[in-house]
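model26.pdb follows (PDB, C-alpha atoms, pLDDT in the B column):
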```
ATOM      1  CA  MET A   1       1.456 -50.431 -57.516  1.00 69.00           C
ATOM      2  CA  SER A   2      -1.298 -48.003 -58.256  1.00 86.00           C
ATOM      3  CA  CYS A   3      -2.993 -45.328 -56.222  1.00 93.00           C
ATOM      4  CA  PHE A   4      -6.476 -43.894 -56.211  1.00 95.00           C
ATOM      5  CA  ILE A   5      -8.462 -41.487 -54.085  1.00 95.00           C
ATOM      6  CA  LEU A   6     -11.065 -43.311 -52.036  1.00 97.00           C
ATOM      7  CA  LYS A   7     -14.682 -42.364 -52.532  1.00 97.00           C
ATOM      8  CA  ASN A   8     -15.818 -39.575 -50.258  1.00 97.00           C
ATOM      9  CA  GLU A   9     -18.369 -41.945 -48.689  1.00 98.00           C
ATOM     10  CA  SER A  10     -15.615 -44.414 -47.785  1.00 98.00           C
ATOM     11  CA  LEU A  11     -13.473 -41.702 -46.232  1.00 98.00           C
ATOM     12  CA  ALA A  12     -16.535 -40.411 -44.375  1.00 98.00           C
ATOM     13  CA  ALA A  13     -17.238 -43.887 -42.968  1.00 98.00           C
ATOM     14  CA  LEU A  14     -13.605 -44.089 -41.835  1.00 98.00           C
ATOM     15  CA  ALA A  15     -13.764 -40.612 -40.318  1.00 98.00           C
ATOM     16  CA  ASN A  16     -17.021 -41.333 -38.468  1.00 98.00           C
ATOM     17  CA  THR A  17     -15.623 -44.581 -37.082  1.00 98.00           C
ATOM     18  CA  LEU A  18     -12.329 -43.003 -36.068  1.00 98.00           C
ATOM     19  CA  GLU A  19     -14.241 -40.198 -34.345  1.00 98.00           C
ATOM     20  CA  CYS A  20     -16.238 -42.748 -32.323  1.00 98.00           C
ATOM     21  CA  ILE A  21     -13.192 -44.818 -31.419  1.00 98.00           C
ATOM     22  CA  GLY A  22     -11.163 -41.742 -30.505  1.00 98.00           C
ATOM     23  CA  ASN A  23     -13.916 -40.347 -28.305  1.00 98.00           C
ATOM     24  CA  LEU A  24     -15.281 -43.519 -26.733  1.00 97.00           C
ATOM     25  CA  GLY A  25     -12.230 -45.810 -26.745  1.00 95.00           C
ATOM     26  CA  PHE A  26     -11.856 -49.109 -24.974  1.00 94.00           C
ATOM     27  CA  ASP A  27     -15.045 -49.014 -22.914  1.00 93.00           C
ATOM     28  CA  ARG A  28     -17.217 -48.795 -26.023  1.00 95.00           C
ATOM     29  CA  PHE A  29     -15.148 -50.825 -28.483  1.00 96.00           C
ATOM     30  CA  GLY A  30     -12.680 -53.050 -26.633  1.00 95.00           C
ATOM     31  CA  PHE A  31      -9.759 -51.306 -28.336  1.00 96.00           C
ATOM     32  CA  GLU A  32      -8.516 -47.741 -28.652  1.00 96.00           C
ATOM     33  CA  PHE A  33      -6.136 -45.435 -30.487  1.00 97.00           C
ATOM     34  CA  PRO A  34      -2.422 -45.777 -29.953  1.00 97.00           C
ATOM     35  CA  SER A  35      -0.789 -42.583 -28.714  1.00 98.00           C
ATOM     36  CA  SER A  36       0.637 -41.995 -32.199  1.00 98.00           C
ATOM     37  CA  LEU A  37      -2.875 -41.639 -33.639  1.00 98.00           C
ATOM     38  CA  HIS A  38      -3.988 -39.357 -30.819  1.00 98.00           C
ATOM     39  CA  ASN A  39      -0.962 -37.187 -31.627  1.00 98.00           C
ATOM     40  CA  ALA A  40      -1.485 -37.285 -35.398  1.00 98.00           C
ATOM     41  CA  LEU A  41      -5.135 -36.264 -35.052  1.00 98.00           C
ATOM     42  CA  SER A  42      -4.593 -33.669 -32.332  1.00 98.00           C
ATOM     43  CA  ASP A  43      -5.800 -30.925 -34.689  1.00 98.00           C
ATOM     44  CA  CYS A  44      -9.085 -32.784 -35.275  1.00 98.00           C
ATOM     45  CA  ARG A  45     -10.600 -31.963 -31.889  1.00 98.00           C
ATOM     46  CA  ASP A  46     -13.128 -29.377 -30.857  1.00 98.00           C
ATOM     47  CA  ARG A  47     -12.799 -26.941 -27.965  1.00 97.00           C
ATOM     48  CA  HIS A  48     -14.030 -29.658 -25.574  1.00 98.00           C
ATOM     49  CA  ASN A  49     -11.250 -31.995 -26.771  1.00 97.00           C
ATOM     50  CA  PHE A  50     -13.598 -34.351 -28.633  1.00 98.00           C
ATOM     51  CA  TYR A  51     -12.663 -35.676 -32.058  1.00 98.00           C
ATOM     52  CA  VAL A  52     -14.721 -34.248 -34.921  1.00 98.00           C
ATOM     53  CA  ALA A  53     -15.472 -36.466 -37.919  1.00 98.00           C
ATOM     54  CA  HIS A  54     -15.419 -33.760 -40.594  1.00 98.00           C
ATOM     55  CA  LEU A  55     -11.952 -32.632 -39.466  1.00 98.00           C
ATOM     56  CA  ILE A  56     -10.717 -36.229 -39.586  1.00 98.00           C
ATOM     57  CA  PHE A  57     -12.310 -36.564 -43.038  1.00 98.00           C
ATOM     58  CA  GLN A  58     -10.383 -33.511 -44.239  1.00 98.00           C
ATOM     59  CA  ARG A  59      -7.100 -34.934 -42.941  1.00 98.00           C
ATOM     60  CA  LEU A  60      -7.724 -38.351 -44.515  1.00 98.00           C
ATOM     61  CA  TYR A  61      -8.760 -36.829 -47.838  1.00 97.00           C
ATOM     62  CA  SER A  62      -5.768 -34.475 -47.891  1.00 96.00           C
ATOM     63  CA  LEU A  63      -3.360 -37.313 -47.142  1.00 97.00           C
ATOM     64  CA  ASN A  64      -4.945 -39.533 -49.795  1.00 96.00           C
ATOM     65  CA  TYR A  65      -4.818 -36.688 -52.320  1.00 95.00           C
ATOM     66  CA  ALA A  66      -1.159 -35.939 -51.474  1.00 94.00           C
ATOM     67  CA  ALA A  67      -0.261 -39.587 -52.110  1.00 95.00           C
ATOM     68  CA  TYR A  68      -2.186 -39.617 -55.376  1.00 94.00           C
ATOM     69  CA  SER A  69      -0.786 -36.333 -56.669  1.00 92.00           C
ATOM     70  CA  GLY A  70       2.729 -37.403 -55.675  1.00 91.00           C
ATOM     71  CA  ARG A  71       2.361 -40.680 -57.538  1.00 92.00           C
ATOM     72  CA  TYR A  72       0.893 -39.175 -60.669  1.00 90.00           C
ATOM     73  CA  THR A  73       2.487 -35.717 -60.400  1.00 82.00           C
ATOM     74  CA  ASP A  74      -0.941 -34.172 -60.453  1.00 69.00           C
ATOM     75  CA  THR A  75      -0.449 -30.446 -60.055  1.00 64.00           C
ATOM     76  CA  THR A  76      -4.077 -29.437 -60.428  1.00 69.00           C
ATOM     77  CA  ALA A  77      -5.484 -27.681 -57.418  1.00 65.00           C
ATOM     78  CA  ASP A  78      -7.916 -30.020 -55.754  1.00 68.00           C
ATOM     79  CA  ILE A  79     -10.835 -28.628 -53.824  1.00 84.00           C
ATOM     80  CA  LEU A  80     -11.363 -30.274 -50.472  1.00 91.00           C
ATOM     81  CA  PRO A  81     -14.852 -31.784 -50.684  1.00 95.00           C
ATOM     82  CA  ASN A  82     -17.444 -31.538 -47.973  1.00 96.00           C
ATOM     83  CA  MET A  83     -17.858 -34.683 -45.952  1.00 98.00           C
ATOM     84  CA  PRO A  84     -20.940 -36.575 -47.106  1.00 98.00           C
ATOM     85  CA  ARG A  85     -23.441 -37.922 -44.607  1.00 98.00           C
ATOM     86  CA  VAL A  86     -23.117 -41.666 -44.283  1.00 97.00           C
ATOM     87  CA  PRO A  87     -24.678 -44.041 -41.772  1.00 95.00           C
ATOM     88  CA  SER A  88     -22.496 -45.245 -38.939  1.00 94.00           C
ATOM     89  CA  ILE A  89     -21.008 -48.686 -39.449  1.00 97.00           C
ATOM     90  CA  THR A  90     -20.301 -49.336 -35.757  1.00 97.00           C
ATOM     91  CA  GLU A  91     -22.478 -51.509 -33.550  1.00 96.00           C
ATOM     92  CA  PRO A  92     -22.603 -52.083 -29.789  1.00 94.00           C
ATOM     93  CA  ARG A  93     -20.190 -54.595 -28.269  1.00 94.00           C
ATOM     94  CA  GLN A  94     -21.323 -58.183 -28.006  1.00 94.00           C
ATOM     95  CA  TYR A  95     -19.752 -61.069 -26.119  1.00 91.00           C
ATOM     96  CA  ALA A  96     -19.774 -64.855 -26.419  1.00 89.00           C
ATOM     97  CA  ASP A  97     -17.558 -67.619 -25.079  1.00 83.00           C
ATOM     98  CA  TYR A  98     -15.520 -65.216 -22.911  1.00 82.00           C
ATOM     99  CA  HIS A  99     -14.468 -62.901 -25.733  1.00 88.00           C
ATOM    100  CA  GLU A 100     -15.803 -60.171 -27.992  1.00 93.00           C
ATOM    101  CA  THR A 101     -18.076 -61.245 -30.810  1.00 95.00           C
ATOM    102  CA  LEU A 102     -16.635 -59.981 -34.062  1.00 97.00           C
ATOM    103  CA  LEU A 103     -19.317 -58.418 -36.202  1.00 97.00           C
ATOM    104  CA  PRO A 104     -19.381 -57.575 -39.921  1.00 97.00           C
ATOM    105  CA  TRP A 105     -18.649 -53.914 -39.176  1.00 98.00           C
ATOM    106  CA  HIS A 106     -15.289 -54.901 -37.637  1.00 98.00           C
ATOM    107  CA  TYR A 107     -14.173 -56.396 -40.936  1.00 98.00           C
ATOM    108  CA  LYS A 108     -15.692 -53.640 -43.073  1.00 98.00           C
ATOM    109  CA  PHE A 109     -13.770 -51.048 -41.060  1.00 98.00           C
ATOM    110  CA  CYS A 110     -10.573 -53.115 -41.252  1.00 98.00           C
ATOM    111  CA  LYS A 111     -10.788 -53.360 -45.048  1.00 98.00           C
ATOM    112  CA  LEU A 112     -11.511 -49.648 -45.415  1.00 98.00           C
ATOM    113  CA  LEU A 113      -8.505 -48.901 -43.218  1.00 98.00           C
ATOM    114  CA  ASP A 114      -6.308 -51.356 -45.158  1.00 98.00           C
ATOM    115  CA  CYS A 115      -7.387 -49.808 -48.447  1.00 98.00           C
ATOM    116  CA  LEU A 116      -6.595 -46.300 -47.268  1.00 98.00           C
ATOM    117  CA  ILE A 117      -3.211 -47.334 -45.893  1.00 98.00           C
ATOM    118  CA  TYR A 118      -2.382 -49.005 -49.206  1.00 98.00           C
ATOM    119  CA  GLN A 119      -3.345 -45.856 -51.139  1.00 98.00           C
ATOM    120  CA  ILE A 120      -1.304 -43.534 -48.924  1.00 98.00           C
ATOM    121  CA  THR A 121       1.830 -45.676 -48.923  1.00 97.00           C
ATOM    122  CA  GLU A 122       3.528 -43.599 -51.620  1.00 96.00           C
ATOM    123  CA  ASP A 123       6.853 -41.777 -51.688  1.00 95.00           C
ATOM    124  CA  ALA A 124       5.154 -38.421 -51.061  1.00 95.00           C
ATOM    125  CA  THR A 125       3.426 -39.634 -47.884  1.00 97.00           C
ATOM    126  CA  ILE A 126       5.465 -42.608 -46.673  1.00 97.00           C
ATOM    127  CA  ASN A 127       6.768 -40.738 -43.603  1.00 98.00           C
ATOM    128  CA  ASP A 128       3.682 -38.663 -42.905  1.00 98.00           C
ATOM    129  CA  PRO A 129       2.878 -38.898 -39.169  1.00 98.00           C
ATOM    130  CA  LEU A 130      -0.794 -39.618 -39.878  1.00 98.00           C
ATOM    131  CA  ARG A 131       0.062 -42.490 -42.231  1.00 98.00           C
ATOM    132  CA  LEU A 132       2.471 -43.952 -39.688  1.00 98.00           C
ATOM    133  CA  ALA A 133      -0.122 -43.591 -36.928  1.00 98.00           C
ATOM    134  CA  LEU A 134      -2.787 -45.293 -39.042  1.00 98.00           C
ATOM    135  CA  VAL A 135      -0.377 -48.193 -39.577  1.00 98.00           C
ATOM    136  CA  ASP A 136       0.199 -48.380 -35.795  1.00 98.00           C
ATOM    137  CA  PHE A 137      -3.538 -48.416 -35.241  1.00 98.00           C
ATOM    138  CA  SER A 138      -4.061 -51.072 -37.906  1.00 98.00           C
ATOM    139  CA  VAL A 139      -1.560 -53.375 -36.205  1.00 98.00           C
ATOM    140  CA  SER A 140      -3.220 -53.025 -32.793  1.00 97.00           C
ATOM    141  CA  TYR A 141      -6.703 -53.328 -34.314  1.00 98.00           C
ATOM    142  CA  LYS A 142      -5.794 -56.550 -36.119  1.00 98.00           C
ATOM    143  CA  SER A 143      -4.430 -57.909 -32.859  1.00 97.00           C
ATOM    144  CA  PHE A 144      -7.849 -57.191 -31.346  1.00 97.00           C
ATOM    145  CA  LEU A 145      -9.517 -59.046 -34.224  1.00 98.00           C
ATOM    146  CA  VAL A 146      -7.285 -62.110 -33.954  1.00 97.00           C
ATOM    147  CA  SER A 147      -7.474 -62.315 -30.167  1.00 95.00           C
ATOM    148  CA  ASN A 148     -11.269 -62.385 -30.348  1.00 95.00           C
ATOM    149  CA  THR A 149     -11.637 -65.348 -32.675  1.00 93.00           C
ATOM    150  CA  ASP A 150     -12.834 -68.719 -31.402  1.00 90.00           C
ATOM    151  CA  ALA A 151      -9.619 -70.363 -32.636  1.00 92.00           C
ATOM    152  CA  TYR A 152      -7.484 -67.972 -30.608  1.00 93.00           C
ATOM    153  CA  ALA A 153      -9.674 -68.395 -27.527  1.00 89.00           C
ATOM    154  CA  ALA A 154      -9.438 -72.189 -27.841  1.00 89.00           C
ATOM    155  CA  ALA A 155      -5.639 -72.239 -28.179  1.00 92.00           C
ATOM    156  CA  PRO A 156      -3.718 -73.058 -24.990  1.00 95.00           C
ATOM    157  CA  TRP A 157      -2.171 -70.218 -22.989  1.00 94.00           C
ATOM    158  CA  GLY A 158       1.569 -70.732 -22.643  1.00 94.00           C
ATOM    159  CA  GLY A 159       1.528 -74.271 -24.001  1.00 91.00           C
ATOM    160  CA  VAL A 160       1.492 -76.213 -27.236  1.00 89.00           C
TER     161      VAL A 160
END
```

Represent the structure of the file as structure tokens.
Amino acid sequence: MSCFILKNESLAALANTLECIGNLGFDRFGFEFPSSLHNALSDCRDRHNFYVAHLIFQRLYSLNYAAYSGRYTDTTADILPNMPRVPSITEPRQYADYHETLLPWHYKFCKLLDCLIYQITEDATINDPLRLALVDFSVSYKSFLVSNTDAYAAAPWGGV
């Protein structure tokens, strides 16, 4: 297994998307954070209790860097970068055939999340509450993806 630090633009896209999901939840996206992720990102809110992307970015970067430096025993002091401006990857909800229409952004976000989780699954960060919460979120998000495919919708409910 290897470990790398994701590009700042990738972490920014994750942070922006997590901010939107955390703030707008089920009504906007059809899925939401598990309580573990709300708890893990509790310090990433403003005084009005809204999630803030640059604070999420800092947490994601710091966790990724901790995993990397633990893996490669990097003792150099890393400077926390500023979050770059990146366009939002989210799109409005769409429906067809009695379920959500999965759009390319859903899969792009899923792969970014999977990549980050893979990079932060290191001895130094394996039990970090944010890593564990991101895994929880990934499981529920993938359930959302599967349950909104045509094949799932076409399968019988409670039968074979």

Worksheet entry | Distance in Å - atom CA of A:Asn23 versus atom CA of A:Tyr68 | 29.5 Å

Worksheet entry | Non-local contacts of stretch 13-22 of chain A (9 Å; only C-alpha atoms; under 2 positions in same chain excluded) as a ChimeraX atom specification | /A:8-11,24-26,28-29,31-33,37-38,50-58,60,85-90,109,112-113

Response to the item:
For A:Tyr65, the closest of A:Asp136, A:Asp150, A:Asp114, A:Glu122 counting only C-alpha atoms is A:Glu122

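Here the PyMOL selection byres ((chain A and resi 36) around 12) captures the residues Gly22, Glu32, Phe33, Pro34, Ser35, Leu37, His38, Asn39, Ala40, Leu41, Ser42, Asp128, Pro129, Leu130, Arg131, Leu132, Ala133, Leu134, Val135, Asp136, Phe137, Ser138 and Ser140 of chain A.
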
With C-alpha atoms retained, write the just-selected residues as a tab-separated table (two decimals), in the frame of the given file.
```tsv
chain	number	residue	atom	x	y	z
A	22	GLY	CA	-11.16	-41.74	-30.50
A	32	GLU	CA	-8.52	-47.74	-28.65
A	33	PHE	CA	-6.14	-45.44	-30.49
A	34	PRO	CA	-2.42	-45.78	-29.95
A	35	SER	CA	-0.79	-42.58	-28.71
A	37	LEU	CA	-2.88	-41.64	-33.64
A	38	HIS	CA	-3.99	-39.36	-30.82
A	39	ASN	CA	-0.96	-37.19	-31.63
A	40	ALA	CA	-1.48	-37.28	-35.40
A	41	LEU	CA	-5.14	-36.26	-35.05
A	42	SER	CA	-4.59	-33.67	-32.33
A	128	ASP	CA	3.68	-38.66	-42.90
A	129	PRO	CA	2.88	-38.90	-39.17
A	130	LEU	CA	-0.79	-39.62	-39.88
A	131	ARG	CA	0.06	-42.49	-42.23
A	132	LEU	CA	2.47	-43.95	-39.69
A	133	ALA	CA	-0.12	-43.59	-36.93
A	134	LEU	CA	-2.79	-45.29	-39.04
A	135	VAL	CA	-0.38	-48.19	-39.58
A	136	ASP	CA	0.20	-48.38	-35.80
A	137	PHE	CA	-3.54	-48.42	-35.24
A	138	SER	CA	-4.06	-51.07	-37.91
A	140	SER	CA	-3.22	-53.02	-32.79
```

Expected selection from the PyMOL selection byres ((chain A and resi 4) around 9), given as a compact mmCIF listing (two decimals) with C-alpha atoms, in the frame of the given file:
```txt
# COMPACT_ATOMS: atom_id res chain seq x y z
CA SER A 2 -1.30 -48.00 -58.26
CA CYS A 3 -2.99 -45.33 -56.22
CA ILE A 5 -8.46 -41.49 -54.08
CA LEU A 6 -11.06 -43.31 -52.04
CA ASN A 64 -4.94 -39.53 -49.80
CA TYR A 65 -4.82 -36.69 -52.32
CA ALA A 67 -0.26 -39.59 -52.11
CA TYR A 68 -2.19 -39.62 -55.38
CA GLN A 119 -3.34 -45.86 -51.14
CA ILE A 120 -1.30 -43.53 -48.92
```

Fill in: Interatomic distance (Å, one decimal) between atom CA of A:Trp157 and atom CA of A:Asp27
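Spanning atom CA of A:Trp157 to atom CA of A:Asp27 is a straight-line distance of 24.8 Å.
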
Quick one: axis-aligned box around all listed atoms of stretch 90-97 of chain A, 5 Å on every side, centre and edge lengths in Å to one decimal, written as lines of an AutoDock Vina configuration file.
```
center_x = -20.1
center_y = -58.5
center_z = -30.4
size_x = 15.0
size_y = 28.3
size_z = 20.7
```

Worksheet item: At most 12 Å from (5.5, -36.9, -56.8), file frame, only C-alpha atoms: which residues, as a ChimeraX atom specification?
Response: /A:3,65-75,122-126

Fill in: One-decimal distance in Å that lies between atom CA of A:Cys110 and atom CA of A:Asp46
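Calculated distance between atom CA of A:Asp46 and atom CA of A:Cys110 is 26.0 Å.
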
Fill in: Counting all atoms listed in the file, the residue of A:His106, A:His99, A:Asn127, A:Leu116 that sits nearest A:Ala151
A:His99
